[in-house]
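This is model.pdb. It holds PDB, C-alpha atoms.
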ATOM      1  CA  MET A   1      93.187 170.785  26.617
ATOM      2  CA  PRO A   2      94.069 169.805  23.037
ATOM      3  CA  HIS A   3      94.328 173.418  21.891
ATOM      4  CA  ASP A   4      96.444 174.816  24.689
ATOM      5  CA  HIS A   5      99.763 174.070  23.053
ATOM      6  CA  HIS A   6     101.766 176.301  20.778
ATOM      7  CA  ASP A   7     100.410 176.012  17.274
ATOM      8  CA  HIS A   8     103.476 177.392  15.559
ATOM      9  CA  LEU A   9     105.366 175.712  12.773
ATOM     10  CA  SER A  10     108.718 174.233  13.566
ATOM     11  CA  PRO A  11     110.904 177.299  14.163
ATOM     12  CA  SER A  12     114.067 175.485  13.196
ATOM     13  CA  GLY A  13     112.616 173.780  10.149
ATOM     14  CA  HIS A  14     112.925 170.326  11.720
ATOM     15  CA  PRO A  15     110.058 167.858  11.853
ATOM     16  CA  TYR A  16     108.071 167.554  15.026
ATOM     17  CA  ARG A  17     108.214 164.172  16.672
ATOM     18  CA  PRO A  18     104.916 162.333  16.154
ATOM     19  CA  ASP A  19     102.553 163.924  18.594
ATOM     20  CA  ASP A  20      98.911 164.738  18.980
ATOM     21  CA  ASP A  21      97.398 163.045  15.967
ATOM     22  CA  HIS A  22      99.346 159.797  16.170
ATOM     23  CA  PRO A  23      98.381 156.679  18.117
ATOM     24  CA  LEU A  24      98.867 157.098  21.834
ATOM     25  CA  THR A  25     102.010 155.394  23.110
ATOM     26  CA  TYR A  26     102.394 153.715  26.484
ATOM     27  CA  TRP A  27     104.834 156.399  27.656
ATOM     28  CA  GLN A  28     102.575 159.253  26.543
ATOM     29  CA  GLN A  29      99.754 157.539  28.416
ATOM     30  CA  MET A  30     102.000 157.521  31.491
ATOM     31  CA  GLU A  31     102.914 161.203  31.060
ATOM     32  CA  ILE A  32      99.238 162.198  30.963
ATOM     33  CA  ALA A  33      98.455 160.079  34.032
ATOM     34  CA  VAL A  34     101.435 161.359  36.032
ATOM     35  CA  ARG A  35     100.665 164.976  35.135
ATOM     36  CA  GLU A  36      97.010 164.656  36.154
ATOM     37  CA  LEU A  37      97.889 162.933  39.425
ATOM     38  CA  LEU A  38     100.424 165.650  40.270
ATOM     39  CA  ILE A  39      97.791 168.310  39.675
ATOM     40  CA  GLU A  40      95.154 166.457  41.725
ATOM     41  CA  LYS A  41      97.592 165.911  44.597
ATOM     42  CA  GLY A  42      98.342 169.626  44.659
ATOM     43  CA  VAL A  43     101.994 169.232  43.679
ATOM     44  CA  THR A  44     101.555 171.490  40.668
ATOM     45  CA  THR A  45      98.940 173.129  38.465
ATOM     46  CA  ALA A  46      98.269 173.138  34.736
ATOM     47  CA  GLN A  47      99.211 176.824  34.714
ATOM     48  CA  GLU A  48     102.539 176.119  36.383
ATOM     49  CA  ILE A  49     103.361 173.379  33.862
ATOM     50  CA  ASN A  50     102.489 175.674  30.938
ATOM     51  CA  ALA A  51     104.576 178.467  32.435
ATOM     52  CA  GLN A  52     107.535 176.103  32.818
ATOM     53  CA  ILE A  53     107.211 175.051  29.165
ATOM     54  CA  ASP A  54     107.034 178.684  28.069
ATOM     55  CA  ALA A  55     110.126 179.508  30.113
ATOM     56  CA  MET A  56     111.951 176.558  28.553
ATOM     57  CA  ASP A  57     110.915 177.610  25.049
ATOM     58  CA  ALA A  58     112.198 181.120  25.751
ATOM     59  CA  ARG A  59     115.685 179.857  26.585
ATOM     60  CA  THR A  60     117.677 179.762  23.374
ATOM     61  CA  PRO A  61     121.365 180.080  22.459
ATOM     62  CA  SER A  62     120.755 183.824  22.063
ATOM     63  CA  ASN A  63     121.083 183.982  25.867
ATOM     64  CA  GLY A  64     124.570 182.533  25.704
ATOM     65  CA  ALA A  65     125.436 184.690  22.702
ATOM     66  CA  ALA A  66     124.610 187.812  24.711
ATOM     67  CA  VAL A  67     126.917 186.604  27.485
ATOM     68  CA  VAL A  68     129.775 185.895  25.070
ATOM     69  CA  ALA A  69     129.418 189.208  23.221
ATOM     70  CA  ARG A  70     129.466 191.075  26.509
ATOM     71  CA  ALA A  71     132.589 189.187  27.607
ATOM     72  CA  TRP A  72     134.238 190.248  24.338
ATOM     73  CA  THR A  73     133.438 193.933  24.903
ATOM     74  CA  ASP A  74     133.378 194.439  28.690
ATOM     75  CA  PRO A  75     136.671 193.527  30.447
ATOM     76  CA  VAL A  76     135.173 193.771  33.927
ATOM     77  CA  PHE A  77     132.337 191.430  32.975
ATOM     78  CA  ARG A  78     134.777 189.042  31.312
ATOM     79  CA  SER A  79     136.771 188.879  34.529
ATOM     80  CA  ASP A  80     133.619 188.318  36.604
ATOM     81  CA  LEU A  81     132.471 185.612  34.184
ATOM     82  CA  LEU A  82     135.734 183.708  34.357
ATOM     83  CA  THR A  83     135.762 184.025  38.169
ATOM     84  CA  ASP A  84     132.157 182.959  38.858
ATOM     85  CA  ALA A  85     130.042 182.299  35.790
ATOM     86  CA  SER A  86     126.970 181.336  37.844
ATOM     87  CA  ALA A  87     126.872 184.771  39.485
ATOM     88  CA  ALA A  88     127.861 186.732  36.370
ATOM     89  CA  THR A  89     125.162 185.155  34.206
ATOM     90  CA  ARG A  90     122.577 185.361  36.997
ATOM     91  CA  ALA A  91     123.179 189.107  37.094
ATOM     92  CA  MET A  92     122.230 189.191  33.394
ATOM     93  CA  GLY A  93     118.956 187.402  34.168
ATOM     94  CA  PHE A  94     120.037 183.888  33.147
ATOM     95  CA  ASP A  95     119.677 181.987  36.400
ATOM     96  CA  ILE A  96     121.304 178.550  36.460
ATOM     97  CA  GLY A  97     119.826 177.817  39.889
ATOM     98  CA  PRO A  98     121.958 176.009  42.440
ATOM     99  CA  MET A  99     124.341 174.574  39.841
ATOM    100  CA  LYS A 100     127.902 175.721  39.287
ATOM    101  CA  LEU A 101     128.630 177.220  35.874
ATOM    102  CA  ILE A 102     132.171 177.519  34.568
ATOM    103  CA  ALA A 103     133.101 179.654  31.554
ATOM    104  CA  LEU A 104     135.964 178.329  29.439
ATOM    105  CA  GLU A 105     137.738 180.919  27.336
ATOM    106  CA  ASN A 106     139.255 179.832  24.037
ATOM    107  CA  THR A 107     142.601 181.437  23.247
ATOM    108  CA  PRO A 108     144.929 181.308  20.251
ATOM    109  CA  ASP A 109     146.654 178.372  21.997
ATOM    110  CA  THR A 110     143.744 176.469  23.509
ATOM    111  CA  HIS A 111     140.381 175.239  22.269
ATOM    112  CA  ASN A 112     137.768 173.985  24.743
ATOM    113  CA  ILE A 113     135.019 171.456  24.049
ATOM    114  CA  VAL A 114     132.250 170.264  26.385
ATOM    115  CA  VAL A 115     130.631 166.844  26.724
ATOM    116  CA  CYS A 116     128.604 164.927  29.296
ATOM    117  CA  THR A 117     129.886 161.353  29.124
ATOM    118  CA  LEU A 118     127.488 160.044  31.779
ATOM    119  CA  CYS A 119     124.243 161.645  30.705
ATOM    120  CA  SER A 120     123.152 164.902  29.020
ATOM    121  CA  CYS A 121     124.143 167.714  31.404
ATOM    122  CA  TYR A 122     124.110 171.041  29.569
ATOM    123  CA  PRO A 123     123.926 174.780  30.413
ATOM    124  CA  ARG A 124     120.202 175.061  29.633
ATOM    125  CA  ASN A 125     119.964 178.555  31.103
ATOM    126  CA  LEU A 126     122.246 179.838  28.350
ATOM    127  CA  LEU A 127     121.628 177.459  25.441
ATOM    128  CA  GLY A 128     118.168 175.919  25.890
ATOM    129  CA  LEU A 129     117.692 172.167  25.574
ATOM    130  CA  PRO A 130     120.638 170.140  24.271
ATOM    131  CA  PRO A 131     120.686 169.022  20.628
ATOM    132  CA  ASP A 132     120.070 165.333  19.982
ATOM    133  CA  TRP A 133     123.685 164.659  19.006
ATOM    134  CA  TYR A 134     124.901 165.952  22.373
ATOM    135  CA  LYS A 135     122.951 163.103  24.004
ATOM    136  CA  SER A 136     124.112 160.461  21.518
ATOM    137  CA  ARG A 137     126.298 157.493  22.366
ATOM    138  CA  ALA A 138     128.801 158.543  19.678
ATOM    139  CA  TYR A 139     129.386 162.049  21.052
ATOM    140  CA  ARG A 140     129.426 160.953  24.689
ATOM    141  CA  SER A 141     131.835 158.108  24.006
ATOM    142  CA  ARG A 142     134.309 159.560  21.557
ATOM    143  CA  THR A 143     134.776 163.188  22.561
ATOM    144  CA  VAL A 144     137.037 162.436  25.530
ATOM    145  CA  LYS A 145     139.160 160.037  23.491
ATOM    146  CA  GLU A 146     139.481 161.554  20.028
ATOM    147  CA  PRO A 147     138.268 165.153  20.226
ATOM    148  CA  ARG A 148     140.043 166.218  17.045
ATOM    149  CA  LYS A 149     138.226 163.543  15.038
ATOM    150  CA  VAL A 150     134.943 164.616  16.587
ATOM    151  CA  LEU A 151     135.711 168.257  15.791
ATOM    152  CA  ALA A 152     136.511 167.314  12.196
ATOM    153  CA  GLU A 153     133.037 165.782  11.854
ATOM    154  CA  PHE A 154     131.666 169.182  12.852
ATOM    155  CA  GLY A 155     133.880 170.812  10.223
ATOM    156  CA  VAL A 156     136.408 172.199  12.691
ATOM    157  CA  THR A 157     140.077 171.523  11.996
ATOM    158  CA  LEU A 158     142.516 173.095  14.434
ATOM    159  CA  PRO A 159     146.250 173.630  13.968
ATOM    160  CA  PRO A 160     148.222 170.703  15.459
ATOM    161  CA  ALA A 161     149.868 173.089  17.923
ATOM    162  CA  THR A 162     146.509 174.098  19.412
ATOM    163  CA  THR A 163     145.797 172.376  22.707
ATOM    164  CA  VAL A 164     142.339 170.788  22.866
ATOM    165  CA  ARG A 165     140.828 170.600  26.349
ATOM    166  CA  VAL A 166     137.782 168.390  26.873
ATOM    167  CA  HIS A 167     135.502 169.171  29.823
ATOM    168  CA  ASP A 168     133.108 166.532  31.178
ATOM    169  CA  SER A 169     129.957 168.034  32.703
ATOM    170  CA  THR A 170     128.203 166.714  35.789
ATOM    171  CA  ALA A 171     124.724 167.029  37.224
ATOM    172  CA  ASP A 172     125.974 169.813  39.485
ATOM    173  CA  MET A 173     128.479 171.570  37.216
ATOM    174  CA  ARG A 174     128.020 172.893  33.678
ATOM    175  CA  TYR A 175     130.351 174.562  31.213
ATOM    176  CA  VAL A 176     130.001 177.203  28.530
ATOM    177  CA  VAL A 177     132.755 177.961  26.021
ATOM    178  CA  ILE A 178     133.685 181.554  25.252
ATOM    179  CA  PRO A 179     134.803 181.269  21.630
ATOM    180  CA  THR A 180     137.576 183.393  20.218
ATOM    181  CA  ARG A 181     136.385 186.765  18.963
ATOM    182  CA  PRO A 182     136.665 186.759  15.159
ATOM    183  CA  ALA A 183     139.159 189.037  13.453
ATOM    184  CA  GLY A 184     137.739 192.035  11.655
ATOM    185  CA  THR A 185     135.213 192.896  14.369
ATOM    186  CA  GLU A 186     137.099 195.735  15.999
ATOM    187  CA  GLY A 187     134.747 198.425  17.213
ATOM    188  CA  TRP A 188     131.615 196.272  16.881
ATOM    189  CA  ARG A 189     128.889 196.681  19.494
ATOM    190  CA  ALA A 190     127.907 193.708  21.675
ATOM    191  CA  ASP A 191     124.519 193.307  19.980
ATOM    192  CA  GLU A 192     126.255 193.076  16.589
ATOM    193  CA  LEU A 193     128.867 190.652  17.884
ATOM    194  CA  SER A 194     126.234 188.366  19.406
ATOM    195  CA  LYS A 195     125.045 187.481  15.888
ATOM    196  CA  LEU A 196     128.404 185.779  15.312
ATOM    197  CA  VAL A 197     128.046 183.486  18.335
ATOM    198  CA  THR A 198     126.541 180.103  17.459
ATOM    199  CA  ARG A 199     125.254 177.402  19.773
ATOM    200  CA  ASP A 200     128.006 175.031  18.703
ATOM    201  CA  SER A 201     130.691 177.664  19.317
ATOM    202  CA  MET A 202     129.562 177.725  22.960
ATOM    203  CA  ILE A 203     129.694 173.917  23.223
ATOM    204  CA  GLY A 204     133.085 173.918  21.534
ATOM    205  CA  THR A 205     132.078 171.918  18.457
ATOM    206  CA  GLY A 206     132.150 175.084  16.374
ATOM    207  CA  LEU A 207     133.836 178.463  16.063
ATOM    208  CA  ALA A 208     132.226 181.879  16.062
ATOM    209  CA  LYS A 209     131.175 183.051  12.598
ATOM    210  CA  THR A 210     133.401 185.451  10.736
ATOM    211  CA  PRO A 211     132.000 188.846   9.677
ATOM    212  CA  GLY A 212     131.897 187.623   6.080
ATOM    213  CA  ALA A 213     129.627 184.705   7.048
ATOM    214  CA  LEU A 214     126.817 186.962   8.250
TER     215      LEU A 214
ATOM    216  CA  MET B 215     123.399 141.179  32.952
ATOM    217  CA  THR B 216     127.044 140.755  33.867
ATOM    218  CA  ASP B 217     129.065 138.409  31.704
ATOM    219  CA  GLN B 218     130.538 135.940  34.193
ATOM    220  CA  SER B 219     133.379 135.019  31.847
ATOM    221  CA  GLU B 220     134.961 138.477  32.171
ATOM    222  CA  PRO B 221     135.921 140.319  35.346
ATOM    223  CA  PHE B 222     133.690 143.287  36.156
ATOM    224  CA  SER B 223     135.338 146.367  34.698
ATOM    225  CA  GLY B 224     134.113 148.681  37.433
ATOM    226  CA  ARG B 225     132.165 150.739  34.916
ATOM    227  CA  ARG B 226     128.474 150.587  34.296
ATOM    228  CA  TRP B 227     126.929 150.841  30.834
ATOM    229  CA  HIS B 228     126.168 154.560  31.041
ATOM    230  CA  ASP B 229     129.805 155.401  31.838
ATOM    231  CA  MET B 230     130.630 155.395  28.127
ATOM    232  CA  GLY B 231     133.338 158.051  27.899
ATOM    233  CA  GLY B 232     136.256 156.683  25.893
ATOM    234  CA  ASP B 233     134.365 153.829  24.259
ATOM    235  CA  ALA B 234     134.604 153.288  20.530
ATOM    236  CA  ALA B 235     131.504 154.450  18.652
ATOM    237  CA  GLY B 236     130.343 155.499  15.209
ATOM    238  CA  GLU B 237     129.871 158.875  13.580
ATOM    239  CA  ILE B 238     128.094 161.624  15.469
ATOM    240  CA  PRO B 239     124.449 161.584  14.302
ATOM    241  CA  THR B 240     123.245 164.852  12.811
ATOM    242  CA  ASP B 241     119.495 164.197  12.912
ATOM    243  CA  GLN B 242     117.570 166.686  15.010
ATOM    244  CA  HIS B 243     113.914 166.757  15.988
ATOM    245  CA  ASP B 244     111.920 169.516  17.610
ATOM    246  CA  PHE B 245     110.545 168.606  20.982
ATOM    247  CA  SER B 246     106.861 167.757  20.944
ATOM    248  CA  LEU B 247     104.363 168.873  23.551
ATOM    249  CA  TRP B 248     104.362 165.647  25.507
ATOM    250  CA  GLU B 249     108.176 165.701  25.707
ATOM    251  CA  LYS B 250     108.169 169.281  26.961
ATOM    252  CA  ARG B 251     105.592 168.289  29.546
ATOM    253  CA  VAL B 252     107.821 165.480  30.801
ATOM    254  CA  ASP B 253     110.689 167.935  31.103
ATOM    255  CA  ALA B 254     108.484 170.413  32.946
ATOM    256  CA  LEU B 255     107.236 167.725  35.372
ATOM    257  CA  MET B 256     110.838 166.792  36.170
ATOM    258  CA  ILE B 257     111.819 170.416  36.834
ATOM    259  CA  ILE B 258     108.725 171.182  38.904
ATOM    260  CA  ALA B 259     108.577 167.972  40.972
ATOM    261  CA  SER B 260     112.310 167.986  41.712
ATOM    262  CA  GLY B 261     112.231 171.725  42.389
ATOM    263  CA  LYS B 262     109.604 171.088  45.064
ATOM    264  CA  GLY B 263     111.731 168.451  46.725
ATOM    265  CA  HIS B 264     109.872 165.268  45.745
ATOM    266  CA  PHE B 265     113.067 163.806  44.295
ATOM    267  CA  THR B 266     116.484 164.897  43.084
ATOM    268  CA  VAL B 267     118.364 164.826  39.812
ATOM    269  CA  ASP B 268     120.387 162.011  41.359
ATOM    270  CA  GLY B 269     117.169 160.054  41.807
ATOM    271  CA  LEU B 270     116.280 160.696  38.177
ATOM    272  CA  ARG B 271     119.651 159.410  37.061
ATOM    273  CA  ARG B 272     119.653 156.387  39.371
ATOM    274  CA  VAL B 273     116.531 155.024  37.697
ATOM    275  CA  LEU B 274     117.785 155.937  34.202
ATOM    276  CA  GLU B 275     121.045 154.105  34.838
ATOM    277  CA  ASP B 276     119.343 151.104  36.432
ATOM    278  CA  MET B 277     117.132 150.730  33.339
ATOM    279  CA  GLY B 278     120.180 149.441  31.557
ATOM    280  CA  GLU B 279     121.602 149.620  28.103
ATOM    281  CA  ASP B 280     118.648 148.056  26.281
ATOM    282  CA  ALA B 281     116.397 150.913  27.386
ATOM    283  CA  PHE B 282     118.974 153.423  26.158
ATOM    284  CA  GLU B 283     118.911 151.846  22.721
ATOM    285  CA  THR B 284     115.195 151.179  22.376
ATOM    286  CA  MET B 285     113.437 154.025  24.206
ATOM    287  CA  THR B 286     113.594 157.718  23.377
ATOM    288  CA  TYR B 287     115.097 160.217  25.791
ATOM    289  CA  TYR B 288     111.825 161.462  27.216
ATOM    290  CA  GLU B 289     110.317 157.978  27.331
ATOM    291  CA  ARG B 290     113.142 157.085  29.686
ATOM    292  CA  TRP B 291     112.607 160.298  31.615
ATOM    293  CA  ILE B 292     108.876 159.764  32.260
ATOM    294  CA  MET B 293     109.599 156.218  33.399
ATOM    295  CA  SER B 294     112.166 157.563  35.857
ATOM    296  CA  VAL B 295     110.049 160.513  36.998
ATOM    297  CA  ASN B 296     107.157 158.122  37.660
ATOM    298  CA  GLN B 297     109.326 155.669  39.584
ATOM    299  CA  ASN B 298     110.722 158.455  41.748
ATOM    300  CA  LEU B 299     107.276 159.899  42.486
ATOM    301  CA  ILE B 300     105.939 156.489  43.526
ATOM    302  CA  GLU B 301     108.968 155.937  45.766
ATOM    303  CA  ALA B 302     108.387 159.378  47.293
ATOM    304  CA  GLY B 303     104.789 158.422  48.097
ATOM    305  CA  VAL B 304     103.228 161.160  45.982
ATOM    306  CA  TYR B 305     100.804 158.593  44.547
ATOM    307  CA  SER B 306     100.516 154.821  44.559
ATOM    308  CA  THR B 307     100.999 152.230  41.836
ATOM    309  CA  SER B 308      97.292 151.434  41.958
ATOM    310  CA  GLU B 309      96.411 155.114  41.480
ATOM    311  CA  LEU B 310      98.739 155.230  38.499
ATOM    312  CA  ALA B 311      97.323 152.053  36.972
ATOM    313  CA  GLN B 312      93.759 153.264  37.366
ATOM    314  CA  ARG B 313      94.558 156.652  35.833
ATOM    315  CA  MET B 314      96.446 155.154  32.899
ATOM    316  CA  THR B 315      93.430 152.951  32.153
ATOM    317  CA  GLU B 316      91.167 155.994  32.213
ATOM    318  CA  VAL B 317      93.535 157.928  29.964
ATOM    319  CA  ALA B 318      93.638 155.183  27.360
ATOM    320  CA  ALA B 319      89.844 154.964  27.366
ATOM    321  CA  ARG B 320      89.500 158.584  26.234
ATOM    322  CA  GLY B 321      90.749 158.002  22.714
ATOM    323  CA  ALA B 322      93.356 156.538  20.422
ATOM    324  CA  THR B 323      95.570 159.583  19.952
ATOM    325  CA  TYR B 324      97.605 161.702  22.352
ATOM    326  CA  GLY B 325      95.368 164.681  21.686
ATOM    327  CA  GLU B 326      92.221 162.751  22.592
ATOM    328  CA  ALA B 327      93.744 160.969  25.580
ATOM    329  CA  ALA B 328      95.122 164.226  26.988
ATOM    330  CA  SER B 329      91.652 165.788  26.962
ATOM    331  CA  GLU B 330      89.746 165.180  30.162
TER     332      GLU B 330
END

Would you kindly transcribe this structure into structure tokens?
Amino acid sequence: MPHDHHDHLSPSGHPYRPDDDHPLTYWQQMEIAVRELLIEKGVTTAQEINAQIDAMDARTPSNGAAVVARAWTDPVFRSDLLTDASAATRAMGFDIGPMKLIALENTPDTHNIVVCTLCSCYPRNLLGLPPDWYKSRAYRSRTVKEPRKVLAEFGVTLPPATTVRVHDSTADMRYVVIPTRPAGTEGWRADELSKLVTRDSMIGTGLAKTPGAL
Amino acid sequence: MTDQSEPFSGRRWHDMGGDAAGEIPTDQHDFSLWEKRVDALMIIASGKGHFTVDGLRRVLEDMGEDAFETMTYYERWIMSVNQNLIEAGVYSTSELAQRMTEVAARGATYGEAASE
């Protein structure tokens, strides 16, 4: 089994956590044991586990970017998304399962930002796995109390008149932010617009890129 | 452990929204194979009804604040997944103990120990 994993270099340029060639930890030992027992008991198979990992690896913020770009260009879809984001994104092939998904549209007056104070709930179907900072004590604690200071640490400074709305996720309900469409993109196609939509802009800790930043 | 000198606030340690805290950390690591496997086991076993996300969180929250500070995210998850599976009767503690002993005997690294 040692060669069944993905032998690619870090796609994001970040270091891998110590893994195969480091001393076995107690919790890794437990993972191996639990996995083997689940396979032996017929709960799952090695193929099913690999397929689940592949599906997880395939979910990236490009999913969410496609949703946002379509909302910017397709008024009917935008309306459907704001009415029932679970159904609208499912129809695009991004199934969130039984959970409720709510799309939060930024406007010139209102900026939305998402946190999970209790845990790490996140719209994985659209954005993949959450970044480490999203799960940190600092982000979970401070975002509901001083969102403008948190935003400033991400390099986002909003006009004082802009209302900041903080949304606290739950195990059963997730949020995705629809950032404001950047100026100077009139007439752009959805696939071009999607390149402006960053992960952080869909969490609310960032803004969409401007055309000049591409 | 509850401090008897102060009245219970009604909040548990994981309910940290609004607390004071330091700067948002910017470090990021890519998930390693064993972490992805833990995530996959959670999705698959809960998807097949052996436990729920609420069960996952109950054990995570009962681990307490020390575990949050000293264990990594997926270390806490495998501990919780395992606890839930034992409670559900999928396997026994003695089966787990025996298998973990066998795993450790295969080699000193994750790669060796994960190879049957």

Can I get the residues of segment 88-163 of chain A within 6 Å of segment 200-214 of chain A, each with the closest pair of atoms and their distance in Å to one decimal, using all atoms listed in the file, sorted chain first then ascending number, as a tab-separated table?
residue	atom	partner	partner_atom	distance
A:Asn112	CA	A:Gly204	CA	5.7
A:Ile113	CA	A:Gly204	CA	4.0
A:Val114	CA	A:Ile203	CA	5.5
A:Leu151	CA	A:Thr205	CA	5.8

Distance criterion (all atoms listed in the file): nearest to Pro130 of chain A out of A:Ala69, A:Cys116, A:Gly184, A:His22: A:Cys116

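For Tyr139 of chain A, the set of protein, DNA and RNA residues having any atom at most 9 Å away, when counting all atoms listed in the file and skipping those fewer than 2 positions along the same chain, is Val115, Cys116, Thr117, Trp133, Tyr134, Lys135, Ser136, Arg137, Ser141, Arg142, Thr143, Val144 and Val150 of chain A; Gly231, Ala235, Gly236, Glu237, Ile238 and Pro239 of chain B.
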
Restrict the calculation to all atoms listed in the file, then for each residue of chain B with any atom at most 6 Å from an atom of chain A give the closest atom pair and their distance in Å to one decimal, rows by chain and rising residue number, as JSON lines.
{"residue": "B:His228", "atom": "CA", "partner": "A:Leu118", "partner_atom": "CA", "distance": 5.7}
{"residue": "B:Asp229", "atom": "CA", "partner": "A:Leu118", "partner_atom": "CA", "distance": 5.2}
{"residue": "B:Met230", "atom": "CA", "partner": "A:Ser141", "partner_atom": "CA", "distance": 5.1}
{"residue": "B:Gly231", "atom": "CA", "partner": "A:Ser141", "partner_atom": "CA", "distance": 4.2}
{"residue": "B:Gly232", "atom": "CA", "partner": "A:Ser141", "partner_atom": "CA", "distance": 5.0}
{"residue": "B:Asp233", "atom": "CA", "partner": "A:Ser141", "partner_atom": "CA", "distance": 5.0}
{"residue": "B:Ala235", "atom": "CA", "partner": "A:Ala138", "partner_atom": "CA", "distance": 5.0}
{"residue": "B:Gly236", "atom": "CA", "partner": "A:Ala138", "partner_atom": "CA", "distance": 5.6}
{"residue": "B:Ile238", "atom": "CA", "partner": "A:Ala138", "partner_atom": "CA", "distance": 5.3}
{"residue": "B:Pro239", "atom": "CA", "partner": "A:Trp133", "partner_atom": "CA", "distance": 5.7}
{"residue": "B:Gln242", "atom": "CA", "partner": "A:Asp132", "partner_atom": "CA", "distance": 5.7}
{"residue": "B:His243", "atom": "CA", "partner": "A:His14", "partner_atom": "CA", "distance": 5.7}
{"residue": "B:Asp244", "atom": "CA", "partner": "A:Tyr16", "partner_atom": "CA", "distance": 5.0}
{"residue": "B:Ser246", "atom": "CA", "partner": "A:Arg17", "partner_atom": "CA", "distance": 5.7}
{"residue": "B:Ala254", "atom": "CA", "partner": "A:Gln52", "partner_atom": "CA", "distance": 5.8}
{"residue": "B:Glu289", "atom": "CA", "partner": "A:Trp27", "partner_atom": "CA", "distance": 5.7}
{"residue": "B:Arg313", "atom": "CA", "partner": "A:Ala33", "partner_atom": "CA", "distance": 5.5}
{"residue": "B:Met314", "atom": "CA", "partner": "A:Ala33", "partner_atom": "CA", "distance": 5.4}
{"residue": "B:Ala322", "atom": "CA", "partner": "A:Pro23", "partner_atom": "CA", "distance": 5.5}
{"residue": "B:Thr323", "atom": "CA", "partner": "A:Pro23", "partner_atom": "CA", "distance": 4.4}
{"residue": "B:Tyr324", "atom": "CA", "partner": "A:Asp20", "partner_atom": "CA", "distance": 4.7}
{"residue": "B:Gly325", "atom": "CA", "partner": "A:Asp20", "partner_atom": "CA", "distance": 4.5}
{"residue": "B:Ser329", "atom": "CA", "partner": "A:Met1", "partner_atom": "CA", "distance": 5.2}

If you apply the PyMOL selection byres ((chain B and resi 292) around 10) to this file, what residues do you get, as a list in words?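 Evaluating the PyMOL selection byres ((chain B and resi 292) around 10) on these coordinates yields Trp27, Gln28, Met30, Glu31 and Val34 of chain A; Glu249, Arg251, Val252, Asp253, Leu255, Met256, Leu270, Leu274, Tyr287, Tyr288, Glu289, Arg290, Trp291, Met293, Ser294, Val295, Asn296, Gln297 and Asn298 of chain B.
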
I need the output of the PyMOL selection byres ((chain A and resi 126) around 10) for this file as a PyMOL selection string; which residues are they? chain A and resi 59-67+89+94-96+122-125+127-129+176+199+202

Mind dumping the selected residues with C-alpha atoms as a short mmCIF file (atom, residue, chain, number, x, y, z; two decimals), keeping the file's coordinate frame?
data_model
loop_
_atom_site.label_atom_id
_atom_site.label_comp_id
_atom_site.auth_asym_id
_atom_site.auth_seq_id
_atom_site.Cartn_x
_atom_site.Cartn_y
_atom_site.Cartn_z
CA ARG A 59 115.68 179.86 26.58
CA THR A 60 117.68 179.76 23.37
CA PRO A 61 121.36 180.08 22.46
CA SER A 62 120.76 183.82 22.06
CA ASN A 63 121.08 183.98 25.87
CA GLY A 64 124.57 182.53 25.70
CA ALA A 65 125.44 184.69 22.70
CA ALA A 66 124.61 187.81 24.71
CA VAL A 67 126.92 186.60 27.48
CA THR A 89 125.16 185.16 34.21
CA PHE A 94 120.04 183.89 33.15
CA ASP A 95 119.68 181.99 36.40
CA ILE A 96 121.30 178.55 36.46
CA TYR A 122 124.11 171.04 29.57
CA PRO A 123 123.93 174.78 30.41
CA ARG A 124 120.20 175.06 29.63
CA ASN A 125 119.96 178.56 31.10
CA LEU A 127 121.63 177.46 25.44
CA GLY A 128 118.17 175.92 25.89
CA LEU A 129 117.69 172.17 25.57
CA VAL A 176 130.00 177.20 28.53
CA ARG A 199 125.25 177.40 19.77
CA MET A 202 129.56 177.72 22.96
#

Pull out every residue that the PyMOL selection byres ((chain A and resi 160) around 12) matches in the shown coordinates and put them as a PDB file with C-alpha atoms, in the frame of the given file.
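Result went into selection37.pdb, see below:
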ATOM      1  CA  ASP A 109     146.654 178.372  21.997  1.00  0.00           C
ATOM      2  CA  THR A 110     143.744 176.469  23.509  1.00  0.00           C
ATOM      3  CA  HIS A 111     140.381 175.239  22.269  1.00  0.00           C
ATOM      4  CA  ARG A 148     140.043 166.218  17.045  1.00  0.00           C
ATOM      5  CA  THR A 157     140.077 171.523  11.996  1.00  0.00           C
ATOM      6  CA  LEU A 158     142.516 173.095  14.434  1.00  0.00           C
ATOM      7  CA  PRO A 159     146.250 173.630  13.968  1.00  0.00           C
ATOM      8  CA  ALA A 161     149.868 173.089  17.923  1.00  0.00           C
ATOM      9  CA  THR A 162     146.509 174.098  19.412  1.00  0.00           C
ATOM     10  CA  THR A 163     145.797 172.376  22.707  1.00  0.00           C
ATOM     11  CA  VAL A 164     142.339 170.788  22.866  1.00  0.00           C
TER      12      VAL A 164
END

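Between atom CA of Ala103 of chain A and atom CA of Gly187 of chain A there is a distance of 23.7 Å.
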
Residues of segment 80-110 of chain A that approach segment 179-183 of chain A to 9 Å or less, counting only C-alpha atoms: could you list each one with the shortest pair of atoms and its distance in Å to one decimal, rows by chain and increasing residue number, as a tab-separated table?
residue	atom	partner	partner_atom	distance
A:Leu104	CA	A:Pro179	CA	8.4
A:Glu105	CA	A:Pro179	CA	6.4
A:Asn106	CA	A:Pro179	CA	5.3
A:Thr107	CA	A:Thr180	CA	6.2
A:Pro108	CA	A:Thr180	CA	7.6

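Remark: for Thr170 of chain A, the closest of the candidate residues A:Leu101, A:Leu193, A:Ile39, A:Ala152 is A:Leu101 (distances computed over all atoms listed in the file).
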
Interatomic distance (Å, one decimal) between atom CA of Thr266 of chain B and atom CA of Lys250 of chain B: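 If I compute the distance from atom CA of Thr266 of chain B to atom CA of Lys250 of chain B, I get 18.7 Å.
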
As an exercise, work out the distance from atom CA of Cys121 of chain A to atom CA of Asp268 of chain B in Å and give it to one decimal place.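 Atom-to-atom, atom CA of Cys121 of chain A and atom CA of Asp268 of chain B are spaced 12.1 Å apart.
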